[in-house]
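Coordinates as given in data_32.cif (mmCIF, C-alpha atoms):
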data_final
loop_
_atom_site.label_atom_id
_atom_site.label_comp_id
_atom_site.auth_asym_id
_atom_site.auth_seq_id
_atom_site.Cartn_x
_atom_site.Cartn_y
_atom_site.Cartn_z
CA MET X 1 -12.46 -1.73 -75.77
CA THR X 2 -10.00 0.27 -73.67
CA PHE X 3 -6.47 1.22 -74.62
CA VAL X 4 -5.10 -1.43 -72.24
CA ASP X 5 -7.36 -4.09 -73.75
CA GLN X 6 -6.17 -3.19 -77.24
CA ASP X 7 -2.51 -3.39 -76.23
CA TYR X 8 -3.11 -6.70 -74.45
CA ARG X 9 -4.79 -8.15 -77.54
CA LYS X 10 -1.98 -6.89 -79.81
CA LEU X 11 0.63 -8.49 -77.55
CA LYS X 12 -1.36 -11.73 -77.46
CA ASN X 13 -1.54 -11.79 -81.27
CA ILE X 14 2.20 -11.18 -81.59
CA ILE X 15 2.99 -14.02 -79.18
CA ALA X 16 0.56 -16.37 -80.96
CA THR X 17 1.96 -15.59 -84.40
CA ASN X 18 5.57 -16.01 -83.28
CA MET X 19 4.91 -19.24 -81.38
CA ARG X 20 3.28 -20.79 -84.42
CA ARG X 21 6.00 -19.58 -86.80
CA TYR X 22 8.89 -20.87 -84.68
CA ARG X 23 7.08 -24.13 -83.86
CA LEU X 24 6.44 -24.86 -87.54
CA ARG X 25 10.06 -24.03 -88.40
CA LEU X 26 11.11 -26.81 -86.03
CA GLY X 27 8.51 -29.19 -87.45
CA LEU X 28 6.79 -29.63 -84.09
CA THR X 29 3.11 -30.26 -83.54
CA GLN X 30 1.34 -28.30 -80.84
CA GLU X 31 1.21 -31.46 -78.76
CA GLU X 32 4.95 -32.13 -79.07
CA ALA X 33 5.86 -28.54 -78.25
CA ALA X 34 3.48 -28.43 -75.30
CA GLU X 35 4.88 -31.64 -73.86
CA GLN X 36 8.44 -30.34 -74.12
CA ALA X 37 7.41 -27.06 -72.46
CA GLY X 38 5.60 -28.83 -69.65
CA VAL X 39 2.18 -27.37 -70.46
CA THR X 40 -0.98 -29.06 -71.67
CA ASP X 41 -1.66 -29.22 -75.37
CA LYS X 42 -4.99 -27.45 -74.74
CA PHE X 43 -3.16 -24.53 -73.11
CA TRP X 44 -0.69 -24.32 -76.01
CA GLN X 45 -3.59 -24.35 -78.48
CA ARG X 46 -5.35 -21.53 -76.60
CA ILE X 47 -2.18 -19.43 -76.64
CA GLU X 48 -1.75 -19.91 -80.40
CA LEU X 49 -5.40 -19.09 -81.10
CA LYS X 50 -5.63 -15.37 -81.75
CA SER X 51 -9.31 -15.38 -80.82
CA GLN X 52 -8.46 -16.43 -77.26
CA VAL X 53 -7.06 -14.07 -74.63
CA ASP X 54 -4.75 -16.49 -72.82
CA VAL X 55 -1.24 -15.10 -72.43
CA PRO X 56 1.50 -17.20 -70.82
CA SER X 57 3.20 -16.07 -67.63
CA ILE X 58 6.81 -14.94 -67.92
CA SER X 59 8.10 -18.26 -66.60
CA THR X 60 5.97 -20.17 -69.11
CA LEU X 61 7.07 -17.83 -71.90
CA VAL X 62 10.68 -18.72 -71.05
CA LYS X 63 9.86 -22.45 -71.23
CA ILE X 64 8.11 -21.96 -74.56
CA ALA X 65 11.04 -19.97 -75.95
CA THR X 66 13.44 -22.70 -74.84
CA VAL X 67 11.43 -25.36 -76.67
CA LEU X 68 11.26 -23.14 -79.76
CA LYS X 69 15.02 -22.48 -79.59
CA VAL X 70 14.64 -18.69 -79.43
CA LYS X 71 15.24 -16.05 -76.78
CA PRO X 72 12.06 -15.11 -74.86
CA HIS X 73 12.04 -11.54 -76.20
CA GLN X 74 11.84 -12.91 -79.76
CA LEU X 75 8.29 -14.07 -79.02
CA LEU X 76 7.35 -10.44 -78.34
CA ILE X 77 8.71 -8.87 -81.54
CA PRO X 78 6.07 -7.96 -84.14
#

Can you present the structure in this file as structure tokens?
Amino acid sequence: MTFVDQDYRKLKNIIATNMRRYRLRLGLTQEEAAEQAGVTDKFWQRIELKSQVDVPSISTLVKIATVLKVKPHQLLIP
């Protein structure tokens, strides 16, 4: 695994952990949060799964943050 791959995976894990934490704080299911963000529930699930490598685009990250009632950069803080 290259340095870039390791950083990418770390970032992905941080996003996944934060999405789940903030979603659960609001009492939302993955399906409810996905619907509000305008993404499929399957896509939301793949983002939250640490074993997957899907990372949302910046525009999708902003939509997710809006649904989770946080600023987008908060999803990137370890």

Point to revise | Resolved residues for the PyMOL selection byres ((chain X and resi 16-26) around 10) as a ChimeraX atom specification | key: /X:10-15,27-30,32-33,44-52,54-55,61,64-65,67-70,74-78

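Note that the spacing between CA of Gly38 (chain X) and CA of Lys63 (chain X) amounts to 7.8 Å.
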
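Counting all atoms listed in the file and comparing X:Val53, X:Ser59, X:His73, X:Lys42, the residue that lies closest to Arg9 (chain X) is X:Val53.
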
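Between CA of Asp41 (chain X) and CA of Ser57 (chain X) the separation is 16.0 Å.
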
Revision key, fill the gap. Judged by all atoms listed in the file, the minimum distance to Ile58 (chain X) among X:Phe43, X:Ala37, X:Pro72, X:Gln6 is found for X:Pro72

Place N, CA, C and O atoms on region 25-37 of chain X and deliver the coordinates as a PDB file, in the coordinates of the input.
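Saved to result.pdb:
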ATOM      1  N   ARG X  25       8.671 -23.971 -87.898  1.00  0.00           N
ATOM      2  CA  ARG X  25      10.060 -24.030 -88.400  1.00  0.00           C
ATOM      3  C   ARG X  25      10.788 -25.261 -87.871  1.00  0.00           C
ATOM      4  O   ARG X  25      11.635 -25.828 -88.561  1.00  0.00           O
ATOM      5  N   LEU X  26      10.465 -25.639 -86.628  1.00  0.00           N
ATOM      6  CA  LEU X  26      11.110 -26.810 -86.030  1.00  0.00           C
ATOM      7  C   LEU X  26      10.386 -28.111 -86.382  1.00  0.00           C
ATOM      8  O   LEU X  26      10.837 -29.190 -86.012  1.00  0.00           O
ATOM      9  N   GLY X  27       9.261 -27.997 -87.065  1.00  0.00           N
ATOM     10  CA  GLY X  27       8.510 -29.190 -87.450  1.00  0.00           C
ATOM     11  C   GLY X  27       7.810 -29.859 -86.289  1.00  0.00           C
ATOM     12  O   GLY X  27       7.579 -31.067 -86.324  1.00  0.00           O
ATOM     13  N   LEU X  28       7.459 -29.083 -85.263  1.00  0.00           N
ATOM     14  CA  LEU X  28       6.790 -29.630 -84.090  1.00  0.00           C
ATOM     15  C   LEU X  28       5.279 -29.453 -84.191  1.00  0.00           C
ATOM     16  O   LEU X  28       4.808 -28.431 -84.687  1.00  0.00           O
ATOM     17  N   THR X  29       4.547 -30.439 -83.696  1.00  0.00           N
ATOM     18  CA  THR X  29       3.110 -30.260 -83.540  1.00  0.00           C
ATOM     19  C   THR X  29       2.872 -29.474 -82.258  1.00  0.00           C
ATOM     20  O   THR X  29       3.784 -29.346 -81.412  1.00  0.00           O
ATOM     21  N   GLN X  30       1.670 -28.987 -82.084  1.00  0.00           N
ATOM     22  CA  GLN X  30       1.340 -28.300 -80.840  1.00  0.00           C
ATOM     23  C   GLN X  30       1.506 -29.240 -79.652  1.00  0.00           C
ATOM     24  O   GLN X  30       2.004 -28.842 -78.599  1.00  0.00           O
ATOM     25  N   GLU X  31       1.115 -30.478 -79.835  1.00  0.00           N
ATOM     26  CA  GLU X  31       1.210 -31.460 -78.760  1.00  0.00           C
ATOM     27  C   GLU X  31       2.655 -31.722 -78.363  1.00  0.00           C
ATOM     28  O   GLU X  31       2.984 -31.791 -77.177  1.00  0.00           O
ATOM     29  N   GLU X  32       3.527 -31.884 -79.346  1.00  0.00           N
ATOM     30  CA  GLU X  32       4.950 -32.130 -79.070  1.00  0.00           C
ATOM     31  C   GLU X  32       5.580 -30.933 -78.355  1.00  0.00           C
ATOM     32  O   GLU X  32       6.309 -31.100 -77.367  1.00  0.00           O
ATOM     33  N   ALA X  33       5.295 -29.744 -78.852  1.00  0.00           N
ATOM     34  CA  ALA X  33       5.860 -28.540 -78.250  1.00  0.00           C
ATOM     35  C   ALA X  33       5.352 -28.355 -76.822  1.00  0.00           C
ATOM     36  O   ALA X  33       6.127 -28.035 -75.917  1.00  0.00           O
ATOM     37  N   ALA X  34       4.068 -28.575 -76.629  1.00  0.00           N
ATOM     38  CA  ALA X  34       3.480 -28.430 -75.300  1.00  0.00           C
ATOM     39  C   ALA X  34       4.110 -29.400 -74.311  1.00  0.00           C
ATOM     40  O   ALA X  34       4.453 -29.021 -73.174  1.00  0.00           O
ATOM     41  N   GLU X  35       4.279 -30.637 -74.735  1.00  0.00           N
ATOM     42  CA  GLU X  35       4.880 -31.640 -73.860  1.00  0.00           C
ATOM     43  C   GLU X  35       6.297 -31.234 -73.451  1.00  0.00           C
ATOM     44  O   GLU X  35       6.666 -31.311 -72.282  1.00  0.00           O
ATOM     45  N   GLN X  36       7.071 -30.768 -74.413  1.00  0.00           N
ATOM     46  CA  GLN X  36       8.440 -30.340 -74.120  1.00  0.00           C
ATOM     47  C   GLN X  36       8.477 -29.131 -73.191  1.00  0.00           C
ATOM     48  O   GLN X  36       9.401 -28.982 -72.386  1.00  0.00           O
ATOM     49  N   ALA X  37       7.462 -28.262 -73.295  1.00  0.00           N
ATOM     50  CA  ALA X  37       7.410 -27.060 -72.460  1.00  0.00           C
ATOM     51  C   ALA X  37       6.796 -27.324 -71.089  1.00  0.00           C
ATOM     52  O   ALA X  37       6.842 -26.462 -70.210  1.00  0.00           O
TER      53      ALA X  37
END
